[in-house]
Amino acid sequence: MQIEIKEMMISDYHEAMSLWQQTEGMCLRVADSREGIEAYLRRNPGLSFVARSNGQLIGTVLCGHDGRRGYLHHLAVAHEHRGQGVGKKLTEQVIAALQQNGIQKCHLFVLNENTKAIQYWQKRGWQHRHDIRMMSFVSSDDTHV
Ligand SMILES: CC(C)(COP(=O)(O)OP(=O)(O)OC[C@H]1O[C@@H](n2cnc3c(N)ncnc32)[C@H](O)[C@@H]1OP(=O)(O)O)[C@@H](O)C(=O)NCCC(=O)NCCS
């Protein structure tokens with residue numbers, strides 16, 4: 001199977017959203033609207049990727065950075081293409097792109113209940129931080145899309 005990894009463009013949005021809606025553990029918010037993702041990609045060029053097999057979108061990963069740390073979101077691989085290294089390839093692309101931007105550390109957020117994803121990240125060398133508690137402030141409505 002030929003897997004092609006390319007930078008995510010806003011033209012990928014429709015297929016990406018369709019994958020996200022079918023993916024367990026994915027939290028979709030107003031920020032994931034077409035306008036939100038378009039602004040995100042514009043602000044973080046060269047850091048988000050899609051995987052395609054025979055032209056069909058089968059995987060995504062979003063990443064941005066704040067000049068100091070990277071933040072990875074929405075790593076998703078279609079069920080029928082899992083276990084074939086697609087997630088690994090997408091993550092490696094992100095880490096390489098961050099390094100090209102001088103960013104050596106990346107964070108991500110996983111729901112506590114998403115034990116499979118936590119195991120996946122740990123197997124891939126990501127460290128579960130017990131020393132940090134995440135806190136958020138919501139300044140306006142940020143409900144599900
Ligand atoms: C997590 C996910 C992206 C993995 O994608 P994938 O393409 O199947 O992963 P890969 O094939 O690249 O796996 C790479 C390695 O991780 C291992 N792995 C895959 N899933 C795993 C799991 N649930 N637990 C532990 N290891 C796992 C593979 O065995 C492989 O190991 P190897 O390199 O020793 O062979 C995919 O399962 C998914 O879309 N899950 C739902 C969405 C999700 O939870 N995303 C993360 C949100 S933070």
# chains A, B, ... in the order shown; residues from 1 in each chain; ligands from 1

$ select_by_dssp --residues "region 27-104 of chain A" --states "strand (DSSP E or B)" --output "count of residues only"
24

$ residues_near_ligand --ligand "ligand 1" --cutoff "6 Å" --atoms "only C-alpha atoms and all ligand atoms" --output "ChimeraX atom specification"
/A:23-25,74-77,82-88,109-110,116-117,119-120,123

$ write_last_selection --atoms "C-alpha atoms" --output "CSV table (one decimal), in the first residue's frame"
chain,number,residue,atom,x,y,z
A,23,THR,CA,-12.7,8.7,15.3
A,24,GLU,CA,-13.1,7.8,19.0
A,25,GLY,CA,-11.4,10.1,21.5
A,74,HIS,CA,-6.0,15.4,16.1
A,75,LEU,CA,-3.7,12.5,15.3
A,76,ALA,CA,-6.2,10.2,13.7
A,77,VAL,CA,-5.9,7.2,11.4
A,82,ARG,CA,-4.4,1.3,11.6
A,83,GLY,CA,-1.4,-0.7,12.6
A,84,GLN,CA,0.5,0.0,9.4
A,85,GLY,CA,2.7,2.8,10.7
A,86,VAL,CA,0.6,5.7,9.4
A,87,GLY,CA,0.3,7.3,12.8
A,88,LYS,CA,4.1,6.9,13.3
A,109,PHE,CA,-3.6,16.5,25.3
A,110,VAL,CA,-5.3,13.1,25.7
A,116,LYS,CA,-5.5,3.2,24.1
A,117,ALA,CA,-4.1,6.5,23.0
A,119,GLN,CA,-0.7,3.5,25.8
A,120,TYR,CA,0.2,4.4,22.2
A,123,LYS,CA,5.0,3.2,23.6

$ closest_residue --among "A:Ser140, A:Gln93, A:Gln122, A:Ser33" --to "Ser48 (chain A)" --atoms "only C-alpha atoms"
A:Gln93

$ residues_around --residues "Ile95 (chain A)" --least-positions-apart "4" --cutoff "9 Å" --atoms "only C-alpha atoms" --output "VMD selection string"
chain A and resid 47 70 90 to 91 99 to 100 103 to 106

$ atom_distance --atom1 "CA of Gln21 (chain A)" --atom2 "CA of Val138 (chain A)"
23.0 Å

$ atom_distance --atom1 "CA of Val50 (chain A)" --atom2 "CA of Lys6 (chain A)"
5.5 Å

$ decode --residues "region 26-38 of chain A" --atoms "N, CA, C and O atoms" --output "PDB file, in the first residue's frame"
ATOM      1  N   MET A  26     -11.884  11.856  19.894  1.00  0.00           N
ATOM      2  CA  MET A  26     -11.656  13.154  19.240  1.00  0.00           C
ATOM      3  C   MET A  26     -12.672  14.170  19.771  1.00  0.00           C
ATOM      4  O   MET A  26     -13.870  13.904  19.725  1.00  0.00           O
ATOM      5  N   CYS A  27     -12.203  15.285  20.314  1.00  0.00           N
ATOM      6  CA  CYS A  27     -13.106  16.338  20.804  1.00  0.00           C
ATOM      7  C   CYS A  27     -13.189  17.420  19.746  1.00  0.00           C
ATOM      8  O   CYS A  27     -12.184  18.080  19.478  1.00  0.00           O
ATOM      9  N   LEU A  28     -14.348  17.615  19.170  1.00  0.00           N
ATOM     10  CA  LEU A  28     -14.487  18.626  18.115  1.00  0.00           C
ATOM     11  C   LEU A  28     -15.228  19.830  18.669  1.00  0.00           C
ATOM     12  O   LEU A  28     -16.288  19.695  19.271  1.00  0.00           O
ATOM     13  N   ARG A  29     -14.641  20.997  18.475  1.00  0.00           N
ATOM     14  CA  ARG A  29     -15.166  22.243  19.035  1.00  0.00           C
ATOM     15  C   ARG A  29     -15.332  23.275  17.936  1.00  0.00           C
ATOM     16  O   ARG A  29     -14.973  23.035  16.787  1.00  0.00           O
ATOM     17  N   VAL A  30     -15.801  24.451  18.341  1.00  0.00           N
ATOM     18  CA  VAL A  30     -15.941  25.559  17.391  1.00  0.00           C
ATOM     19  C   VAL A  30     -14.599  25.818  16.689  1.00  0.00           C
ATOM     20  O   VAL A  30     -14.554  26.139  15.499  1.00  0.00           O
ATOM     21  N   ALA A  31     -13.513  25.643  17.417  1.00  0.00           N
ATOM     22  CA  ALA A  31     -12.180  25.861  16.838  1.00  0.00           C
ATOM     23  C   ALA A  31     -11.900  24.917  15.675  1.00  0.00           C
ATOM     24  O   ALA A  31     -10.973  25.145  14.898  1.00  0.00           O
ATOM     25  N   ASP A  32     -12.693  23.847  15.552  1.00  0.00           N
ATOM     26  CA  ASP A  32     -12.506  22.891  14.456  1.00  0.00           C
ATOM     27  C   ASP A  32     -13.411  23.174  13.260  1.00  0.00           C
ATOM     28  O   ASP A  32     -13.459  22.376  12.327  1.00  0.00           O
ATOM     29  N   SER A  33     -14.127  24.300  13.299  1.00  0.00           N
ATOM     30  CA  SER A  33     -14.915  24.700  12.124  1.00  0.00           C
ATOM     31  C   SER A  33     -13.958  24.960  10.965  1.00  0.00           C
ATOM     32  O   SER A  33     -12.742  25.113  11.165  1.00  0.00           O
ATOM     33  N   ARG A  34     -14.476  25.034   9.764  1.00  0.00           N
ATOM     34  CA  ARG A  34     -13.633  25.286   8.593  1.00  0.00           C
ATOM     35  C   ARG A  34     -12.829  26.586   8.782  1.00  0.00           C
ATOM     36  O   ARG A  34     -11.638  26.630   8.515  1.00  0.00           O
ATOM     37  N   GLU A  35     -13.505  27.620   9.292  1.00  0.00           N
ATOM     38  CA  GLU A  35     -12.829  28.909   9.499  1.00  0.00           C
ATOM     39  C   GLU A  35     -11.730  28.765  10.541  1.00  0.00           C
ATOM     40  O   GLU A  35     -10.640  29.326  10.404  1.00  0.00           O
ATOM     41  N   GLY A  36     -12.037  28.003  11.605  1.00  0.00           N
ATOM     42  CA  GLY A  36     -11.059  27.811  12.672  1.00  0.00           C
ATOM     43  C   GLY A  36      -9.816  27.092  12.172  1.00  0.00           C
ATOM     44  O   GLY A  36      -8.678  27.487  12.463  1.00  0.00           O
ATOM     45  N   ILE A  37     -10.032  26.029  11.406  1.00  0.00           N
ATOM     46  CA  ILE A  37      -8.883  25.250  10.909  1.00  0.00           C
ATOM     47  C   ILE A  37      -8.122  26.040   9.854  1.00  0.00           C
ATOM     48  O   ILE A  37      -6.886  25.995   9.800  1.00  0.00           O
ATOM     49  N   GLU A  38      -8.844  26.814   9.063  1.00  0.00           N
ATOM     50  CA  GLU A  38      -8.164  27.631   8.049  1.00  0.00           C
ATOM     51  C   GLU A  38      -7.220  28.626   8.732  1.00  0.00           C
ATOM     52  O   GLU A  38      -6.053  28.783   8.335  1.00  0.00           O
TER      53      GLU A  38
END
